[in-house]
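Quick notes on the structure that follows.
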Amino acid sequence: MSQQPPTRPHGPHRPRMGPTQPATLVLAALVAAALAWLLVSMTYASLPDLPWSPTAVLAGLGVLEGYLALNTRARIARKPGRPPVDPLAVARFAVLAKASSLVGSIFGGFFAGLLIFLIFKHTDAARHDLPAAIGGVVGSVILVVAALLLERACRVPKRRDEDENRDDDARTTHQ
């Protein structure tokens, strides 16, 4: 008995990874904000002070991914002095970018929900936690923007000869 290798689907149903949809990020942020507001409103009195470490991690990852985006874009464009890019590394960067944009969106929503709660809570503890919540939102936005830039940098650029051929084809079909 011989086993046949699994066949890959062909055509429009073939699995593929596409660009991150803004609606996905907005929905994730809104759900996280609602859950954060709900959880924090029920448990705020028993929570410790809001730490700054998540803000530092989110912003640090954002800066790192921003650097990767600039470096990857230059290497894909084959700018002078830049080594060629490894296709497997670009695929990994694209996956990292998609995951980071979603994580940044979820954390941003969480911090936004917390921020909304803290703005309407008139206590000393809430006033003390407010800067860290604002920092969390800012760090999350930095990560989302950098991740989307990295994802865009990982796209394969169109070749000029393909564009010229398409223009020639368009001119011949319309004449």
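Chains: A, B, ... in order of the structure tokens. Residues: from 1 per chain. Ligands: from 1, in order shown.
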Near Ala29 in chain A, counting only C-alpha atoms, which residues have an atom at most 10 Å away, once you skip same-chain residues fewer than 4 positions from it, shown as JSON, numbers by chain? {"A": [23, 24, 25, 33, 34, 35, 102, 103, 104, 105, 106, 107, 108, 109, 110, 111, 112, 113]}
Check which residues of range 73-164 of chain A sit at most 12 Å from range 44-50 of chain A using only C-alpha atoms, and return one row each with the closest pair of atoms and their distance in Å to one decimal, ordered by chain and rising number, as JSON lines.
{"residue": "A:Phe111", "atom": "CA", "partner": "A:Leu50", "partner_atom": "CA", "distance": 10.5}
{"residue": "A:Leu114", "atom": "CA", "partner": "A:Tyr44", "partner_atom": "CA", "distance": 9.8}
{"residue": "A:Leu115", "atom": "CA", "partner": "A:Leu50", "partner_atom": "CA", "distance": 11.2}
{"residue": "A:Phe117", "atom": "CA", "partner": "A:Tyr44", "partner_atom": "CA", "distance": 9.5}
{"residue": "A:Leu118", "atom": "CA", "partner": "A:Tyr44", "partner_atom": "CA", "distance": 9.6}
{"residue": "A:Lys121", "atom": "CA", "partner": "A:Tyr44", "partner_atom": "CA", "distance": 10.0}
{"residue": "A:Thr123", "atom": "CA", "partner": "A:Ala45", "partner_atom": "CA", "distance": 10.6}
{"residue": "A:Asp124", "atom": "CA", "partner": "A:Asp49", "partner_atom": "CA", "distance": 11.2}
{"residue": "A:Ala125", "atom": "CA", "partner": "A:Asp49", "partner_atom": "CA", "distance": 7.6}
{"residue": "A:Ala126", "atom": "CA", "partner": "A:Asp49", "partner_atom": "CA", "distance": 9.0}
{"residue": "A:Arg127", "atom": "CA", "partner": "A:Asp49", "partner_atom": "CA", "distance": 10.8}
{"residue": "A:His128", "atom": "CA", "partner": "A:Asp49", "partner_atom": "CA", "distance": 7.9}
{"residue": "A:Asp129", "atom": "CA", "partner": "A:Leu50", "partner_atom": "CA", "distance": 5.6}
{"residue": "A:Leu130", "atom": "CA", "partner": "A:Leu50", "partner_atom": "CA", "distance": 8.6}
{"residue": "A:Pro131", "atom": "CA", "partner": "A:Leu50", "partner_atom": "CA", "distance": 9.2}
{"residue": "A:Ala132", "atom": "CA", "partner": "A:Leu50", "partner_atom": "CA", "distance": 6.4}
{"residue": "A:Ala133", "atom": "CA", "partner": "A:Leu50", "partner_atom": "CA", "distance": 7.5}
{"residue": "A:Ile134", "atom": "CA", "partner": "A:Leu50", "partner_atom": "CA", "distance": 11.0}
{"residue": "A:Gly135", "atom": "CA", "partner": "A:Leu50", "partner_atom": "CA", "distance": 10.7}
{"residue": "A:Gly136", "atom": "CA", "partner": "A:Leu50", "partner_atom": "CA", "distance": 9.9}
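One finds CA of Gly66 in chain A at 10.1 Å from CA of Ala97 in chain A.
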Tell me, as a PyMOL selection string, which residues lie within 12 Å of Gly18 in chain A, counting only C-alpha atoms; anything in the same chain fewer than 6 positions away does not count. chain A and resi 94-95+97-98+151-152+154-155
Find the residues near Pro83 in chain A: any atom within 12 Å, counting only C-alpha atoms, skip ones fewer than 4 places away on the same chain, and give them as a VMD selection string. chain A and resid 71 to 79
Looking at only C-alpha atoms, which of A:Val138, A:Leu61, A:Val85, A:Val145 is the one that sits closest to Ser101 in chain A?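 Ranking A:Val138, A:Leu61, A:Val85, A:Val145 by distance to Ser101 in chain A, first place goes to A:Val145.
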Which of range 49-174 of chain A counts as alpha helix (DSSP H) under DSSP, as a ChimeraX atom specification please? /A:53-76,87-120,124-153,160-174
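Computed from the coordinates, the CA of Leu88 in chain A to CA of Ala69 in chain A distance equals 15.3 Å.
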Contacts of Ala59 in chain A at 10 Å or less, counting only C-alpha atoms, minus same-chain residues fewer than 3 places along, as an NGL selection string? :A and (53-56 or 62-65 or 104 or 135-144 or 146)
Selection from above, N, CA and C atoms, as a PDB file, in the first residue's frame, can you write it?
ATOM      1  N   SER A  53       6.234  48.927  32.616  1.00  0.00           N
ATOM      2  CA  SER A  53       6.949  47.946  31.790  1.00  0.00           C
ATOM      3  C   SER A  53       6.216  47.570  30.500  1.00  0.00           C
ATOM      4  N   PRO A  54       4.888  47.404  30.477  1.00  0.00           N
ATOM      5  CA  PRO A  54       4.244  47.102  29.196  1.00  0.00           C
ATOM      6  C   PRO A  54       4.432  48.224  28.171  1.00  0.00           C
ATOM      7  N   THR A  55       4.406  49.452  28.640  1.00  0.00           N
ATOM      8  CA  THR A  55       4.614  50.585  27.738  1.00  0.00           C
ATOM      9  C   THR A  55       6.003  50.527  27.122  1.00  0.00           C
ATOM     10  N   ALA A  56       7.005  50.252  27.944  1.00  0.00           N
ATOM     11  CA  ALA A  56       8.381  50.175  27.448  1.00  0.00           C
ATOM     12  C   ALA A  56       8.547  49.031  26.453  1.00  0.00           C
ATOM     13  N   GLY A  62       8.039  48.368  18.877  1.00  0.00           N
ATOM     14  CA  GLY A  62       7.683  49.250  17.774  1.00  0.00           C
ATOM     15  C   GLY A  62       8.914  49.867  17.129  1.00  0.00           C
ATOM     16  N   VAL A  63       9.846  50.325  17.945  1.00  0.00           N
ATOM     17  CA  VAL A  63      11.077  50.911  17.412  1.00  0.00           C
ATOM     18  C   VAL A  63      11.872  49.851  16.658  1.00  0.00           C
ATOM     19  N   LEU A  64      11.973  48.658  17.204  1.00  0.00           N
ATOM     20  CA  LEU A  64      12.698  47.575  16.544  1.00  0.00           C
ATOM     21  C   LEU A  64      12.053  47.217  15.204  1.00  0.00           C
ATOM     22  N   GLU A  65      10.751  47.112  15.173  1.00  0.00           N
ATOM     23  CA  GLU A  65      10.073  46.778  13.917  1.00  0.00           C
ATOM     24  C   GLU A  65      10.129  47.927  12.921  1.00  0.00           C
ATOM     25  N   GLY A 104      -0.535  44.684  19.139  1.00  0.00           N
ATOM     26  CA  GLY A 104      -0.550  46.107  19.461  1.00  0.00           C
ATOM     27  C   GLY A 104      -1.958  46.662  19.506  1.00  0.00           C
ATOM     28  N   GLY A 135       0.619  56.186  28.372  1.00  0.00           N
ATOM     29  CA  GLY A 135       1.839  55.612  27.798  1.00  0.00           C
ATOM     30  C   GLY A 135       1.570  54.274  27.129  1.00  0.00           C
ATOM     31  N   GLY A 136       0.698  53.474  27.708  1.00  0.00           N
ATOM     32  CA  GLY A 136       0.344  52.191  27.103  1.00  0.00           C
ATOM     33  C   GLY A 136      -0.349  52.362  25.763  1.00  0.00           C
ATOM     34  N   VAL A 137      -1.240  53.341  25.679  1.00  0.00           N
ATOM     35  CA  VAL A 137      -1.918  53.617  24.401  1.00  0.00           C
ATOM     36  C   VAL A 137      -0.897  54.078  23.368  1.00  0.00           C
ATOM     37  N   VAL A 138      -0.009  54.989  23.766  1.00  0.00           N
ATOM     38  CA  VAL A 138       1.009  55.513  22.841  1.00  0.00           C
ATOM     39  C   VAL A 138       1.951  54.399  22.393  1.00  0.00           C
ATOM     40  N   GLY A 139       2.417  53.581  23.331  1.00  0.00           N
ATOM     41  CA  GLY A 139       3.296  52.461  22.972  1.00  0.00           C
ATOM     42  C   GLY A 139       2.623  51.481  22.032  1.00  0.00           C
ATOM     43  N   SER A 140       1.347  51.242  22.240  1.00  0.00           N
ATOM     44  CA  SER A 140       0.593  50.335  21.371  1.00  0.00           C
ATOM     45  C   SER A 140       0.443  50.911  19.974  1.00  0.00           C
ATOM     46  N   VAL A 141       0.182  52.201  19.885  1.00  0.00           N
ATOM     47  CA  VAL A 141       0.056  52.847  18.571  1.00  0.00           C
ATOM     48  C   VAL A 141       1.392  52.784  17.828  1.00  0.00           C
ATOM     49  N   ILE A 142       2.484  53.018  18.543  1.00  0.00           N
ATOM     50  CA  ILE A 142       3.818  52.924  17.927  1.00  0.00           C
ATOM     51  C   ILE A 142       4.024  51.524  17.358  1.00  0.00           C
ATOM     52  N   LEU A 143       3.666  50.505  18.117  1.00  0.00           N
ATOM     53  CA  LEU A 143       3.846  49.128  17.655  1.00  0.00           C
ATOM     54  C   LEU A 143       2.977  48.838  16.437  1.00  0.00           C
ATOM     55  N   VAL A 144       1.729  49.249  16.447  1.00  0.00           N
ATOM     56  CA  VAL A 144       0.833  48.977  15.313  1.00  0.00           C
ATOM     57  C   VAL A 144       1.348  49.665  14.049  1.00  0.00           C
ATOM     58  N   ALA A 146       4.427  50.686  13.328  1.00  0.00           N
ATOM     59  CA  ALA A 146       5.675  50.061  12.892  1.00  0.00           C
ATOM     60  C   ALA A 146       5.421  48.693  12.268  1.00  0.00           C
TER      61      ALA A 146
END
Could you check the closest approach to Ile116 in chain A for each of A:Leu96, A:Leu27, A:Leu38, A:Pro19 and tell me which residue wins, using only C-alpha atoms?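 Ranked by minimum distance to Ile116 in chain A, first place goes to A:Leu38.
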